[in-house]
Number of protein chains: 2
Amino acid sequence: MNDRILVAPTDLLGDGVFETIDLRESGPWLLDQHLSRLASSAEILGLPAPPLPSLRDRIAATTEVGALRIIYTRDVLHVSVSPVPPGVLRERHDGIRVISADQGVSVRRPPWSVSAAKSLSYAENFAARRWAARLGADDLIWLSTEGYVREAPTASVVWLAGGELCTVPPAEAGILPGITAAHLLSLAPSLGLAAAERMVTRPELAAADAIWLASSLRGLAEVVALDGESRPRSRWTPRLLAALGFPAALSAVPDERGQH
Amino acid sequence: MNDRILVAPTDLLGDGVFETIDLRESGPWLLDQHLSRLASSAEILGLPAPPLPSLRDRIAATTEVGALRIIYTRDVLHVSVSPVPPGVLRERHDGIRVISADQGVSVRRPPWSVSAAKSLSYAENFAARRWAARLGADDLIWLSTEGYVREAPTASVVWLAGGELCTVPPAEAGILPGITAAHLLSLAPSLGLAAAERMVTRPELAAADAIWLASSLRGLAEVVALDGESRPRSRWTPRLLAALGFPAALSAVPDERGQH
């Protein structure tokens with residue numbers, strides 16, 4: 001869909017918020033969580049509260065399948081649907097090669113920080129991914145100046161270590177709360193796993209049994225190489241994707257070579 | 001002017017660049033420098049080179065007076081003119097009360113950083129100014145995690161210390177090169193002052209004879225209070241504003257109470 005919006009020049013300064021939702025045959029996935037985060041993002045940016053009930057009704061009535069995007073600024077509320085990019089499906093299936101890099105940012109965010117909001121100011125996120133691509137990687141993981149894993153430019157970091165499914169604590173790491181990651185951790189007990197939020201360094205992460213980047217469209221993309229070092233595929237990847245309701249037809253994914 | 005632009009939803013993700021130029025009776029101020037920075041910002045973001053000759057011709061032919069804004073994304077090149085906000089004139093005249101705050105960012109920017117570009121991702125800049133306003137300040141000065149002065153959300157920091165007019169070295173501090181500040185420093189010899197780029201801590205800045213925030217519309221706004229501590233007005237403020245070609249009718253500004 002190539003729809004266009006009429007905006008004021010000042011709407012182009014990144015001072016708004018957005019959400020991306022996976023529109024499934026069964027309906028919009030985790031809609032309430034995404035609307036709730038839209039509202040908290042708006043509050044962080046000092047925007048008026050978005051009209052959640054009418055947004056919910058409108059989105060719940062959609063029969064389309066694909067990627068739904070909500071954009072909300074002081075001036076604009078726009079909902080559009082586009083196809084899920086083919087690269088997303090490939091990364092879910094094949095995994096991704098990831099590099100880690102110091103972001104030059106402390107986990108201690110200043111009081112005005114918009115780090116916990118899904119703001120429209122994504123220039124740095126796009127630039128970081130372009131940089132990773134130039135180095136031959138599919139994505140990158142941002143480390144804080146203190147050496148802690150924060151997040152990826154468009155995803156949360158999830159890992160499995162000794163039967164414990166982990167992600168980064170958003171408040172402590174000064175990052176966006178990841179909806180897919182939080183939902184996955186809530187499912188951990190039903191899969192026979194514990195769940196925990198942990199601050200983790202890069203060496204600790206590299207020692208994990210498996211690492212994934214979690215986001216609403218990709219679901220989980222398994223990290224098959226970290227900083228050039230290959231990692232064995234985990235038998236948990238198809239199980240976790242199935243638990244998240246993503247199609248299980250991942251024939252190329254070996255399921256018994258994982259470490260856990 | 002309340003013109004509107006037709007854009008794709010993805011144009012609203014802050015992945016573009018902009019410039020703001022003071023349109024004077026005598027023509028667009030420092031036009032070549034602003035166009036040159038537009039081009040270098042675009043290069044940092046991996047955008048195609050903007051069409052500088054046609055932009056220059058178009059802007060140079062403008063007979064309007066006010067604030068000219070150029071917005072440039074992968075999809076949009078938009079030029080608009082609006083009145084200079086009245087607050088800008090007041091701040092140039094009365095000075096500003098400023099607070100300093102740790103930005104949680106190192107001066108060592110990562111290789112993909114867009115800090116040296118005037119990108120459209122201004123959510124953090126706006127949020128910081130809203131935070132300062134809630135604390136009763138007019139603006140704020142960002143400090144790095146190492147304790148160095150970086151910049152203000154929409155201005156460069158300039159100060160006078162012992163006959164030396166100083167600003168922060170953009171590359172070393174990982175900040176946007178300020179056009180107004182650089183131009184002012186180039187005029188220093190004609191005013192009997194030396195000029196230098198210096199990394200400076202907050203205590204060193206506070207010990208300066210005078211401090212200003214420099215930007216294309218405000219020109220110079222003198223810091224009349226830093227972190228709640230009042231500072232005497234400098235007799236250099238009207239002289240420097242005159243050197244920059246801003247109207248000199250600042251009757252309320254005492255001109256012999258300054259420290260230097």
# chains A, B, ... in the order shown; residues from 1 in each chain; ligands from 1
call {"tool": "residues_around", "arguments": {"residues": "B:Ile211", "least_positions_apart": "4", "cutoff": "12 Å", "atoms": "only C-alpha atoms", "output": "VMD selection string"}}
result
chain B and resid 95 to 98 141 156 to 161 164 to 167 181 202 204 to 207 220 to 226 230 to 237 240 258 to 260
call {"tool": "interface_residues", "arguments": {"of": "chain A", "to": "chain B", "cutoff": "7 Å", "atoms": "only C-alpha atoms", "output": "ChimeraX atom specification"}}
result
/A:3-9,12-15,45,102-106,108-110,112-114,119-124,127-128,131
call {"tool": "write_last_selection", "arguments": {"atoms": "N, CA, C and O atoms", "output": "short mmCIF file (atom, residue, chain, number, x, y, z; two decimals), in the first residue's frame"}}
result
data_model
loop_
_atom_site.label_atom_id
_atom_site.label_comp_id
_atom_site.auth_asym_id
_atom_site.auth_seq_id
_atom_site.Cartn_x
_atom_site.Cartn_y
_atom_site.Cartn_z
N ASP A 3 -0.08 4.54 0.30
CA ASP A 3 -0.86 5.73 0.64
C ASP A 3 0.03 6.86 1.15
O ASP A 3 1.12 6.63 1.64
N ARG A 4 -0.44 8.06 1.00
CA ARG A 4 0.35 9.22 1.41
C ARG A 4 -0.47 10.07 2.37
O ARG A 4 -1.70 9.97 2.40
N ILE A 5 0.24 10.86 3.17
CA ILE A 5 -0.40 11.68 4.19
C ILE A 5 -0.04 13.14 3.96
O ILE A 5 1.09 13.45 3.60
N LEU A 6 -1.00 14.01 4.24
CA LEU A 6 -0.75 15.45 4.17
C LEU A 6 -0.34 15.92 5.56
O LEU A 6 -1.10 15.79 6.52
N VAL A 7 0.89 16.44 5.67
CA VAL A 7 1.40 16.84 6.99
C VAL A 7 1.99 18.25 6.93
O VAL A 7 2.32 18.76 5.86
N ALA A 8 2.16 18.84 8.10
CA ALA A 8 2.89 20.11 8.20
C ALA A 8 4.38 19.79 8.20
O ALA A 8 4.79 18.71 8.65
N PRO A 9 5.23 20.70 7.71
CA PRO A 9 6.68 20.46 7.73
C PRO A 9 7.18 20.06 9.13
O PRO A 9 8.04 19.20 9.25
N LEU A 12 7.56 16.50 10.36
CA LEU A 12 8.68 15.69 9.85
C LEU A 12 9.90 15.75 10.76
O LEU A 12 10.98 15.29 10.40
N LEU A 13 9.75 16.30 11.96
CA LEU A 13 10.89 16.43 12.86
C LEU A 13 10.99 15.30 13.87
O LEU A 13 11.70 15.41 14.88
N GLY A 14 10.27 14.20 13.64
CA GLY A 14 10.45 13.02 14.48
C GLY A 14 9.83 13.12 15.86
O GLY A 14 10.06 12.25 16.71
N ASP A 15 9.01 14.16 16.09
CA ASP A 15 8.46 14.38 17.42
C ASP A 15 7.08 13.72 17.57
O ASP A 15 6.09 14.37 17.89
N LEU A 45 6.44 11.66 25.35
CA LEU A 45 6.72 12.79 24.45
C LEU A 45 5.82 14.00 24.71
O LEU A 45 5.89 14.99 23.98
N ASP A 102 29.51 -0.73 20.66
CA ASP A 102 29.28 0.28 21.68
C ASP A 102 28.50 1.44 21.07
O ASP A 102 28.93 2.05 20.10
N GLN A 103 27.36 1.74 21.68
CA GLN A 103 26.48 2.78 21.17
C GLN A 103 26.90 4.17 21.66
O GLN A 103 26.36 5.18 21.19
N GLY A 104 27.83 4.21 22.61
CA GLY A 104 28.24 5.50 23.16
C GLY A 104 27.18 6.13 24.04
O GLY A 104 27.14 7.35 24.22
N VAL A 105 26.30 5.28 24.59
CA VAL A 105 25.16 5.74 25.39
C VAL A 105 25.17 4.97 26.72
O VAL A 105 25.34 3.76 26.72
N SER A 106 24.98 5.69 27.81
CA SER A 106 24.91 5.05 29.12
C SER A 106 23.54 4.43 29.36
O SER A 106 22.54 4.91 28.81
N ARG A 108 22.12 4.77 32.04
CA ARG A 108 21.45 5.80 32.86
C ARG A 108 20.99 6.92 31.92
O ARG A 108 21.77 7.77 31.52
N ARG A 109 19.72 6.88 31.57
CA ARG A 109 19.19 7.87 30.66
C ARG A 109 18.80 9.14 31.42
O ARG A 109 18.41 9.07 32.58
N PRO A 110 18.90 10.28 30.76
CA PRO A 110 18.52 11.53 31.43
C PRO A 110 17.01 11.62 31.65
O PRO A 110 16.25 10.87 31.03
N TRP A 112 14.69 13.55 30.70
CA TRP A 112 13.82 13.86 29.56
C TRP A 112 13.85 12.76 28.50
O TRP A 112 13.19 12.88 27.47
N SER A 113 14.61 11.70 28.74
CA SER A 113 14.87 10.73 27.68
C SER A 113 13.60 10.17 27.05
O SER A 113 12.62 9.89 27.73
N VAL A 114 13.65 9.97 25.73
CA VAL A 114 12.56 9.31 25.03
C VAL A 114 12.94 7.86 24.68
O VAL A 114 12.26 7.22 23.88
N SER A 119 9.59 6.35 19.53
CA SER A 119 9.45 7.66 18.88
C SER A 119 9.74 7.54 17.39
O SER A 119 10.35 6.57 16.93
N LEU A 120 9.32 8.55 16.64
CA LEU A 120 9.55 8.59 15.19
C LEU A 120 10.97 8.99 14.84
O LEU A 120 11.31 9.06 13.66
N SER A 121 11.81 9.26 15.85
CA SER A 121 13.18 9.71 15.58
C SER A 121 14.10 8.50 15.36
O SER A 121 14.85 8.11 16.25
N TYR A 122 14.05 7.92 14.17
CA TYR A 122 14.72 6.65 13.89
C TYR A 122 15.97 6.80 13.01
O TYR A 122 16.49 5.81 12.49
N ALA A 123 16.46 8.04 12.84
CA ALA A 123 17.62 8.22 11.96
C ALA A 123 18.82 7.39 12.43
O ALA A 123 19.49 6.74 11.64
N GLU A 124 19.07 7.43 13.75
CA GLU A 124 20.21 6.69 14.30
C GLU A 124 19.99 5.17 14.13
O GLU A 124 20.94 4.44 13.83
N ALA A 127 20.63 4.35 10.51
CA ALA A 127 22.05 4.51 10.20
C ALA A 127 22.85 3.34 10.77
O ALA A 127 23.79 2.84 10.12
N ALA A 128 22.50 2.89 11.96
CA ALA A 128 23.22 1.77 12.57
C ALA A 128 23.03 0.49 11.74
O ALA A 128 23.99 -0.26 11.52
N TRP A 131 25.11 0.69 8.63
CA TRP A 131 26.52 0.45 8.98
C TRP A 131 26.77 -1.05 9.12
O TRP A 131 27.76 -1.58 8.59
#
call {"tool": "select_by_dssp", "arguments": {"residues": "stretch 57-215 of chain B", "states": "strand (DSSP E or B)", "output": "VMD selection string"}}
result
chain B and resid 66 to 72 77 to 82 96 to 102 105 119 139 to 143 148 to 149 152 155 to 161 164 to 167 194 to 197 201 210 to 215
call {"tool": "select_by_dssp", "arguments": {"residues": "stretch 91-256 of chain B", "states": "alpha helix (DSSP H)", "output": "number ranges by chain"}}
result
B: 91-94, 123-134, 170-173, 179-187, 202-206, 236-243
call {"tool": "closest_residue", "arguments": {"among": "A:Val65, A:Leu244, A:Val168, A:Ala195", "to": "A:Val149", "atoms": "only C-alpha atoms"}}
result
A:Val168
call {"tool": "residues_around", "arguments": {"residues": "A:Pro51", "least_positions_apart": "3", "cutoff": "10 Å", "atoms": "only C-alpha atoms", "output": "tab-separated table (two decimals) with N, CA, C and O atoms, in the first residue's frame"}}
result
chain	number	residue	atom	x	y	z
A	35	LEU	N	-1.31	-0.96	21.68
A	35	LEU	CA	-2.03	0.29	21.93
A	35	LEU	C	-1.61	0.89	23.27
A	35	LEU	O	-1.47	2.11	23.41
A	39	ALA	N	0.21	4.57	23.92
A	39	ALA	CA	-0.23	5.59	24.88
A	39	ALA	C	0.92	6.00	25.80
A	39	ALA	O	1.10	7.19	26.09
A	48	PRO	N	-0.90	14.55	23.51
A	48	PRO	CA	-2.21	14.22	24.08
A	48	PRO	C	-2.43	12.70	24.01
A	48	PRO	O	-1.86	12.03	23.14
A	54	SER	N	-11.37	4.13	19.88
A	54	SER	CA	-11.74	4.16	18.45
A	54	SER	C	-10.65	3.51	17.60
A	54	SER	O	-10.95	2.84	16.61
A	55	LEU	N	-9.38	3.68	18.01
A	55	LEU	CA	-8.29	3.00	17.30
A	55	LEU	C	-8.45	1.49	17.39
A	55	LEU	O	-8.29	0.77	16.39
A	56	ARG	N	-8.75	1.01	18.59
A	56	ARG	CA	-8.90	-0.44	18.79
A	56	ARG	C	-10.03	-0.98	17.92
A	56	ARG	O	-9.87	-2.00	17.24
A	77	LEU	N	-2.84	11.38	13.03
A	77	LEU	CA	-3.04	10.00	13.46
A	77	LEU	C	-3.31	9.21	12.20
A	77	LEU	O	-4.33	9.42	11.54
call {"tool": "residues_around", "arguments": {"residues": "stretch 25-31 of chain B", "least_positions_apart": "6", "cutoff": "12 Å", "atoms": "only C-alpha atoms", "output": "MDAnalysis selection string"}}
result
chainID B and resid 19 37:38 52:53 55:70 81 178:184 215:217 219 244:247
call {"tool": "atom_distance", "arguments": {"atom1": "atom CA of A:Ala173", "atom2": "atom CA of A:Lys118"}}
result
15.2 Å
call {"tool": "closest_residue", "arguments": {"among": "B:Ala152, B:Asp139, B:Asp227, B:Pro177", "to": "B:Ser36", "atoms": "only C-alpha atoms"}}
result
B:Pro177
